[in-house]
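Data file: input_9.txt. Format and content: compact mmCIF, C-alpha atoms.
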```txt
# COMPACT_ATOMS: atom_id res chain seq x y z
CA MET S 1 111.42 119.16 117.29
CA PHE S 2 112.72 115.89 115.83
CA ALA S 3 115.20 115.46 112.98
CA ILE S 4 113.89 114.19 109.63
CA ASP S 5 115.88 112.92 106.67
CA ARG S 6 115.57 115.38 103.78
CA ARG S 7 115.14 112.54 101.30
CA LEU S 8 112.14 111.34 103.27
CA LEU S 9 110.67 114.85 103.33
CA THR S 10 110.96 114.96 99.55
CA LYS S 11 108.99 111.72 99.28
CA LEU S 12 106.30 112.99 101.66
CA GLU S 13 105.97 116.41 100.02
CA PRO S 14 103.25 115.54 97.45
CA VAL S 15 100.95 114.37 100.25
CA VAL S 16 101.72 116.80 103.08
CA ALA S 17 102.14 120.01 101.06
CA ARG S 18 98.48 120.92 101.68
CA ALA S 19 97.15 119.71 105.02
CA LEU S 20 93.94 120.14 106.97
CA ILE S 21 93.80 119.81 110.76
CA VAL S 22 90.40 119.41 112.42
CA ASP S 23 90.42 119.86 116.20
CA PRO S 24 88.18 121.94 118.50
CA ASN S 25 91.05 122.33 120.99
CA PRO S 26 93.20 125.30 119.87
CA HIS S 27 96.23 124.21 121.89
CA ALA S 28 96.21 120.65 120.55
CA ALA S 29 95.62 121.94 117.02
CA ARG S 30 98.60 124.30 117.30
CA LEU S 31 100.92 121.54 118.51
CA LEU S 32 99.88 119.34 115.61
CA HIS S 33 100.24 122.30 113.24
CA ASP S 34 103.89 122.74 114.24
CA ILE S 35 104.71 119.06 113.71
CA VAL S 36 102.99 118.87 110.33
CA LYS S 37 104.76 122.07 109.31
CA ALA S 38 108.06 120.36 110.12
CA LEU S 39 107.05 117.52 107.80
CA GLY S 40 106.87 119.93 104.89
CA ALA S 41 103.34 121.33 104.88
CA ARG S 42 103.18 124.67 103.08
CA ASP S 43 99.42 125.33 103.02
CA LEU S 44 97.99 124.35 106.38
CA VAL S 45 94.47 125.10 107.61
CA ILE S 46 93.01 124.47 111.08
CA ALA S 47 89.25 123.91 111.39
CA PRO S 48 87.54 123.69 114.80
CA ASP S 49 84.42 121.77 113.76
CA GLU S 50 82.89 119.53 111.12
CA ALA S 51 81.06 122.21 109.15
CA THR S 52 84.13 124.44 108.92
CA ALA S 53 86.27 121.45 108.01
CA LEU S 54 84.10 120.55 105.03
CA LYS S 55 84.28 124.11 103.70
CA ALA S 56 88.03 124.17 104.24
CA ALA S 57 88.42 120.82 102.47
CA ALA S 58 86.58 122.17 99.43
CA ALA S 59 88.73 125.31 99.30
CA LEU S 60 92.11 123.79 100.18
CA GLU S 61 91.89 120.36 98.49
CA PRO S 62 94.24 118.90 101.11
CA GLY S 63 96.55 116.03 100.34
CA ILE S 64 96.17 114.79 103.91
CA ILE S 65 93.65 115.34 106.72
CA PHE S 66 94.22 115.04 110.46
CA THR S 67 91.14 114.93 112.67
CA GLU S 68 90.32 114.59 116.34
CA ARG S 69 87.70 111.91 116.94
CA SER S 70 85.25 114.05 118.90
CA GLY S 71 84.65 117.46 120.40
CA ALA S 72 82.34 120.48 120.24
CA GLY S 73 80.73 120.40 116.80
CA LEU S 74 82.90 117.50 115.65
CA ASP S 75 82.29 113.82 115.06
CA GLY S 76 85.45 112.57 113.35
CA GLU S 77 83.81 109.42 112.03
CA SER S 78 80.94 111.42 110.54
CA LEU S 79 83.42 113.83 108.96
CA ALA S 80 85.36 110.96 107.38
CA ARG S 81 82.18 109.42 105.95
CA ARG S 82 80.98 112.75 104.57
CA ILE S 83 84.30 113.40 102.87
CA ARG S 84 84.47 109.88 101.43
CA ARG S 85 80.94 110.10 100.00
CA SER S 86 81.29 113.66 98.72
CA ASP S 87 82.25 115.03 95.32
CA LEU S 88 85.25 116.85 96.80
CA ASP S 89 88.56 116.50 94.98
CA CYS S 90 90.08 115.41 98.30
CA ARG S 91 87.59 112.63 98.98
CA ARG S 92 90.35 110.01 98.68
CA ALA S 93 92.92 111.95 100.70
CA PRO S 94 94.48 110.03 103.61
CA ILE S 95 92.74 110.70 106.91
CA ILE S 96 94.60 110.21 110.19
CA MET S 97 92.45 110.21 113.33
CA ILE S 98 94.14 111.37 116.52
CA THR S 99 92.45 110.88 119.90
CA SER S 100 92.93 109.82 123.51
CA GLU S 101 89.97 107.42 123.15
CA ALA S 102 91.90 104.42 121.87
CA THR S 103 89.61 101.46 122.50
CA ALA S 104 88.90 98.56 120.14
CA THR S 105 85.47 100.06 119.45
CA THR S 106 86.76 103.52 118.54
CA ILE S 107 89.62 102.15 116.44
CA LEU S 108 87.37 99.83 114.44
CA GLY S 109 84.79 102.62 114.16
CA ALA S 110 87.46 104.83 112.59
CA ARG S 111 88.48 102.06 110.21
CA ASP S 112 84.89 101.50 109.10
CA ALA S 113 84.39 105.24 108.56
CA GLY S 114 87.18 105.27 105.97
CA VAL S 115 90.07 106.50 108.12
CA HIS S 116 93.55 105.45 106.98
CA GLU S 117 95.42 105.57 110.29
CA PHE S 118 94.67 105.92 114.00
CA LEU S 119 96.99 107.59 116.52
CA ARG S 120 96.54 107.78 120.27
CA LYS S 121 97.27 110.87 122.34
CA PRO S 122 99.78 111.65 123.74
CA PHE S 123 102.07 111.00 120.80
CA THR S 124 105.53 112.03 119.66
CA GLY S 125 106.58 113.59 116.39
CA GLY S 126 108.09 110.24 115.48
CA ASP S 127 104.75 108.49 116.07
CA LEU S 128 103.02 110.89 113.71
CA LEU S 129 105.79 110.58 111.14
CA LYS S 130 105.30 106.79 111.01
CA ARG S 131 101.59 107.24 110.28
CA VAL S 132 102.29 109.83 107.57
CA GLU S 133 104.91 107.55 106.02
CA ASN S 134 102.38 104.74 105.89
CA VAL S 135 99.74 106.73 104.04
CA ALA S 136 102.20 108.50 101.74
CA LEU S 137 104.54 105.66 100.82
CA LYS S 138 102.35 102.58 101.22
CA PRO S 139 99.14 103.41 99.32
CA ARG S 140 96.18 101.09 99.79
CA ASN S 141 93.60 100.05 97.24
CA TRP S 142 90.47 102.21 97.16
CA ILE S 143 87.12 100.53 97.87
CA GLU S 144 84.11 102.23 96.30
CA ALA S 145 81.06 100.32 97.54
CA VAL S 146 77.66 101.32 98.94
CA GLY S 147 78.13 100.24 102.54
CA TYR S 148 81.75 101.35 102.67
CA VAL S 149 83.88 103.95 100.88
CA GLY S 150 87.56 104.31 101.68
CA PRO S 151 90.93 102.54 101.73
CA ASP S 152 91.03 98.75 101.81
CA ARG S 153 90.20 97.84 105.41
CA ARG S 154 92.15 94.59 105.21
CA ARG S 155 95.34 96.62 105.42
CA PHE S 156 94.15 99.02 108.12
CA ASN S 157 97.16 99.87 110.27
CA SER S 158 96.89 100.98 113.86
CA GLY S 159 99.78 100.63 116.26
CA GLU S 160 97.19 100.79 119.03
CA TYR S 161 95.33 97.61 118.10
CA SER S 162 96.27 94.02 117.32
CA GLY S 163 92.96 92.24 117.81
CA PRO S 164 91.19 89.69 115.61
CA SER S 165 90.16 92.23 112.97
CA LYS S 166 93.77 93.16 112.26
CA ARG S 167 94.84 90.48 109.79
CA ARG S 168 98.46 89.60 110.43
CA THR S 169 98.54 87.22 107.47
CA ASP S 170 97.20 89.66 104.89
CA LYS S 171 99.75 90.17 102.16
CA THR S 172 99.48 92.08 98.93
CA ALA S 173 98.90 89.66 96.06
CA THR S 174 101.08 89.94 92.97
CA GLY S 175 100.94 88.82 89.34
CA ALA S 176 98.08 86.55 88.29
CA ALA S 177 96.88 86.27 91.89
CA ALA S 178 96.51 90.07 92.11
CA ILE S 179 94.49 90.14 88.88
CA ASP S 180 92.21 87.35 90.10
CA GLU S 181 91.77 89.12 93.43
CA ALA S 182 90.92 92.43 91.75
CA LYS S 183 88.40 90.73 89.47
CA ASP S 184 86.77 88.80 92.31
CA GLN S 185 86.53 91.89 94.50
CA ALA S 186 84.99 93.99 91.72
CA MET S 187 82.40 91.28 91.07
CA ARG S 188 81.50 91.04 94.74
CA ILE S 189 81.13 94.80 95.04
CA LEU S 190 79.02 94.90 91.87
CA ALA S 191 76.65 92.32 93.32
CA ALA S 192 76.40 94.19 96.63
CA SER S 193 75.92 97.56 94.91
CA LEU S 194 73.03 96.22 92.86
CA ASP S 195 71.50 94.60 95.93
CA GLN S 196 71.79 97.84 97.96
CA PHE S 197 70.97 100.16 95.06
CA ASN S 198 67.74 101.60 96.49
CA ALA S 199 69.40 102.46 99.81
CA ASP S 200 71.72 105.00 98.15
CA PRO S 201 71.26 105.20 94.35
CA MET S 202 73.90 107.89 93.78
CA GLN S 203 76.62 106.03 95.67
CA ALA S 204 75.54 102.74 94.09
CA VAL S 205 76.02 104.18 90.60
CA ARG S 206 79.41 105.62 91.57
CA SER S 207 80.40 102.23 92.95
CA ILE S 208 79.25 100.41 89.83
CA ARG S 209 81.21 102.82 87.60
CA GLU S 210 84.33 102.16 89.67
CA GLN S 211 83.95 98.39 89.36
CA ALA S 212 83.33 98.64 85.61
CA SER S 213 86.60 100.57 85.29
CA ALA S 214 88.44 97.97 87.38
CA LEU S 215 87.05 95.09 85.32
CA LYS S 216 87.93 96.82 82.05
CA ALA S 217 91.52 97.11 83.30
CA VAL S 218 91.53 93.40 84.14
CA ALA S 219 90.12 92.51 80.70
CA MET S 220 92.88 94.51 79.00
CA LYS S 221 95.64 92.96 81.11
CA VAL S 222 94.60 89.37 80.38
CA SER S 223 93.21 90.00 76.86
CA ASP S 224 89.78 88.67 77.87
CA SER S 225 87.49 89.76 75.02
CA ARG S 226 84.36 88.23 76.58
CA LEU S 227 84.88 90.18 79.78
CA ALA S 228 85.60 93.35 77.79
CA VAL S 229 82.34 92.99 75.85
CA ALA S 230 80.34 92.34 79.03
CA VAL S 231 81.87 95.36 80.76
CA GLY S 232 81.16 97.42 77.64
CA ALA S 233 77.48 96.52 77.89
CA LEU S 234 77.46 97.78 81.48
CA GLU S 235 79.19 101.02 80.50
CA VAL S 236 76.67 101.59 77.70
CA THR S 237 73.84 101.23 80.21
CA LEU S 238 75.52 103.66 82.62
CA ALA S 239 75.97 106.20 79.83
CA ALA S 240 72.43 105.87 78.46
CA GLY S 241 70.84 108.12 81.06
CA GLN S 242 69.68 107.86 84.65
CA ALA S 243 70.58 104.34 85.69
CA THR S 244 68.16 102.33 87.80
CA LYS S 245 68.33 98.97 89.52
CA GLU S 246 66.15 97.56 86.75
CA THR S 247 68.29 98.81 83.85
CA LEU S 248 71.50 97.67 85.53
CA SER S 249 70.28 94.22 86.51
CA ALA S 250 70.83 92.64 83.09
CA PRO S 251 74.42 93.78 82.38
CA ILE S 252 75.53 93.18 85.96
CA GLY S 253 73.76 89.84 86.02
CA GLY S 254 75.60 88.86 82.84
CA LEU S 255 78.96 89.72 84.36
CA LEU S 256 78.21 87.83 87.57
CA ALA S 257 77.00 84.77 85.68
CA MET S 258 80.16 84.78 83.55
CA HIS S 259 82.33 85.07 86.65
CA GLN S 260 80.49 82.28 88.45
CA ALA S 261 80.76 79.98 85.43
CA ALA S 262 84.51 80.56 85.27
CA ALA S 263 85.05 79.88 88.98
CA PRO S 264 86.76 76.56 89.78
CA VAL S 265 84.42 73.87 91.04
CA LYS S 266 85.17 72.79 94.61
CA LYS S 267 85.28 69.06 95.15
CA ALA S 268 83.08 67.64 97.89
CA GLY S 269 84.66 65.93 100.86
```

Let me see whether you can do it: turn the structure in this file into structure tokens.
Amino acid sequence: MFAIDRRLLTKLEPVVARALIVDPNPHAARLLHDIVKALGARDLVIAPDEATALKAAAALEPGIIFTERSGAGLDGESLARRIRRSDLDCRRAPIIMITSEATATTILGARDAGVHEFLRKPFTGGDLLKRVENVALKPRNWIEAVGYVGPDRRRFNSGEYSGPSKRRTDKTATGAAAIDEAKDQAMRILAASLDQFNADPMQAVRSIREQASALKAVAMKVSDSRLAVAVGALEVTLAAGQATKETLSAPIGGLLAMHQAAAPVKKAG
């Protein structure tokens, strides 16, 4: 086993204290169990398949989830999507996918399923520790949309892949730029959620609630009373009963129109 700084273990403890391992291979699951135990896991459950994993996730409420990509009764990408779109308390828990199938397709598939990190077999304890450090100490913004639910994919981190979809220049915005970015992203997701509403009404409503909360936070930070009033109109509609695409069109349309009017005009040429 590898040596770990006790100060680092203390920082990781809130995330790794309760951990779920999903792997149909008992030997591989046991090896991973021992490493995660060394990282400070106290309550650790192993599930051999997707159905068992979902039940275990509901009972354990893990702070972190490790899953094999595929195997008997297991589709790791499907499991990640089901957890992300569920009502489980752990739906936002970091998910680390571990597999020997490390191709560009499988890595990007994991990213688009809502996985935080990707790790190729065989791996060392140090390799796993780096992934756990990333998810525990470098939290990523949560994206609650209709087509995608999970951590911000622009900061997806896989040591196995450095292709065109891994943005080397992406940096976390700060100050006014971060506020503008958060506002713009919420508006874009609102528009997409309304457009895709009929495809998944429940997730669309959850997405719209999330964006309303984000925009309210922006309005408070910059003391934007017009934005606050417009967001309030959307929240009133959401609270009035079963929301539909028709009832949400007006308040969302108002927000989008306001945002578009405030956008800087690009000069031609």

For the contact check between segment 10-115 of chain S and segment 124-134 of chain S, emit one row per residue of segment 10-115 of chain S within 12 Å, containing the shortest atom pair and the distance in Å rounded to one decimal, counting all atoms listed in the file, chain then rising number order, as JSON lines.
```
{"residue": "S:Thr10", "atom": "CA", "partner": "S:Glu133", "partner_atom": "CA", "distance": 11.5}
{"residue": "S:Lys11", "atom": "CA", "partner": "S:Glu133", "partner_atom": "CA", "distance": 8.9}
{"residue": "S:Leu12", "atom": "CA", "partner": "S:Glu133", "partner_atom": "CA", "distance": 7.1}
{"residue": "S:Glu13", "atom": "CA", "partner": "S:Val132", "partner_atom": "CA", "distance": 10.7}
{"residue": "S:Pro14", "atom": "CA", "partner": "S:Val132", "partner_atom": "CA", "distance": 11.7}
{"residue": "S:Val15", "atom": "CA", "partner": "S:Val132", "partner_atom": "CA", "distance": 8.7}
{"residue": "S:Val16", "atom": "CA", "partner": "S:Val132", "partner_atom": "CA", "distance": 8.3}
{"residue": "S:Ala19", "atom": "CA", "partner": "S:Val132", "partner_atom": "CA", "distance": 11.4}
{"residue": "S:Leu31", "atom": "CA", "partner": "S:Gly125", "partner_atom": "CA", "distance": 10.0}
{"residue": "S:Leu32", "atom": "CA", "partner": "S:Gly125", "partner_atom": "CA", "distance": 8.9}
{"residue": "S:His33", "atom": "CA", "partner": "S:Gly125", "partner_atom": "CA", "distance": 11.2}
{"residue": "S:Asp34", "atom": "CA", "partner": "S:Gly125", "partner_atom": "CA", "distance": 9.8}
{"residue": "S:Ile35", "atom": "CA", "partner": "S:Gly125", "partner_atom": "CA", "distance": 6.4}
{"residue": "S:Val36", "atom": "CA", "partner": "S:Leu128", "partner_atom": "CA", "distance": 8.7}
{"residue": "S:Lys37", "atom": "CA", "partner": "S:Gly125", "partner_atom": "CA", "distance": 11.2}
{"residue": "S:Ala38", "atom": "CA", "partner": "S:Gly125", "partner_atom": "CA", "distance": 9.3}
{"residue": "S:Leu39", "atom": "CA", "partner": "S:Leu129", "partner_atom": "CA", "distance": 7.8}
{"residue": "S:Gly40", "atom": "CA", "partner": "S:Leu129", "partner_atom": "CA", "distance": 11.3}
{"residue": "S:Ala41", "atom": "CA", "partner": "S:Val132", "partner_atom": "CA", "distance": 11.9}
{"residue": "S:Gly63", "atom": "CA", "partner": "S:Val132", "partner_atom": "CA", "distance": 11.1}
{"residue": "S:Ile64", "atom": "CA", "partner": "S:Val132", "partner_atom": "CA", "distance": 8.7}
{"residue": "S:Ile65", "atom": "CA", "partner": "S:Val132", "partner_atom": "CA", "distance": 10.3}
{"residue": "S:Phe66", "atom": "CA", "partner": "S:Val132", "partner_atom": "CA", "distance": 10.0}
{"residue": "S:Ala93", "atom": "CA", "partner": "S:Val132", "partner_atom": "CA", "distance": 11.8}
{"residue": "S:Pro94", "atom": "CA", "partner": "S:Val132", "partner_atom": "CA", "distance": 8.8}
{"residue": "S:Ile95", "atom": "CA", "partner": "S:Val132", "partner_atom": "CA", "distance": 9.6}
{"residue": "S:Ile96", "atom": "CA", "partner": "S:Arg131", "partner_atom": "CA", "distance": 7.6}
{"residue": "S:Met97", "atom": "CA", "partner": "S:Arg131", "partner_atom": "CA", "distance": 10.1}
{"residue": "S:Ile98", "atom": "CA", "partner": "S:Leu128", "partner_atom": "CA", "distance": 9.3}
{"residue": "S:Val115", "atom": "CA", "partner": "S:Arg131", "partner_atom": "CA", "distance": 11.7}
```

If you measure from atom CA of Asp152 of chain S to atom CA of Arg209 of chain S, what distance in Å do you get, rounded to one decimal? 17.7 Å

Find the spatial neighbours of Tyr148 of chain S, counting only C-alpha atoms, within a cut-off of 8 Å - ignore same-chain residues fewer than 4 positions away - and output them as a ChimeraX atom specification. /S:112-114,143-144

Kindly provide the residues of segment 5-60 of chain S that approach segment 69-74 of chain S to within 8 Å, each paired with its closest atom pair and their distance in Å to one decimal, based on only C-alpha atoms, listed by chain and increasing number, as JSON lines.
```
{"residue": "S:Asp23", "atom": "CA", "partner": "S:Gly71", "partner_atom": "CA", "distance": 7.5}
{"residue": "S:Pro24", "atom": "CA", "partner": "S:Gly71", "partner_atom": "CA", "distance": 6.0}
{"residue": "S:Pro48", "atom": "CA", "partner": "S:Leu74", "partner_atom": "CA", "distance": 7.8}
{"residue": "S:Asp49", "atom": "CA", "partner": "S:Leu74", "partner_atom": "CA", "distance": 4.9}
{"residue": "S:Glu50", "atom": "CA", "partner": "S:Leu74", "partner_atom": "CA", "distance": 5.0}
{"residue": "S:Ala51", "atom": "CA", "partner": "S:Gly73", "partner_atom": "CA", "distance": 7.9}
```

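Distances to Ala199 of chain S were evaluated for S:Asp180, S:Gln242, S:Gly147, S:Leu234 using all atoms listed in the file, and the minimum falls at S:Gly147.
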
Which of S:Met258, S:Ser249, S:Glu101, S:Ala240 sits closest to Asp224 of chain S [using all atoms listed in the file]: S:Met258

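Computed from the coordinates, the atom CA of Leu60 of chain S to atom CA of Ala29 of chain S distance equals 17.3 Å.
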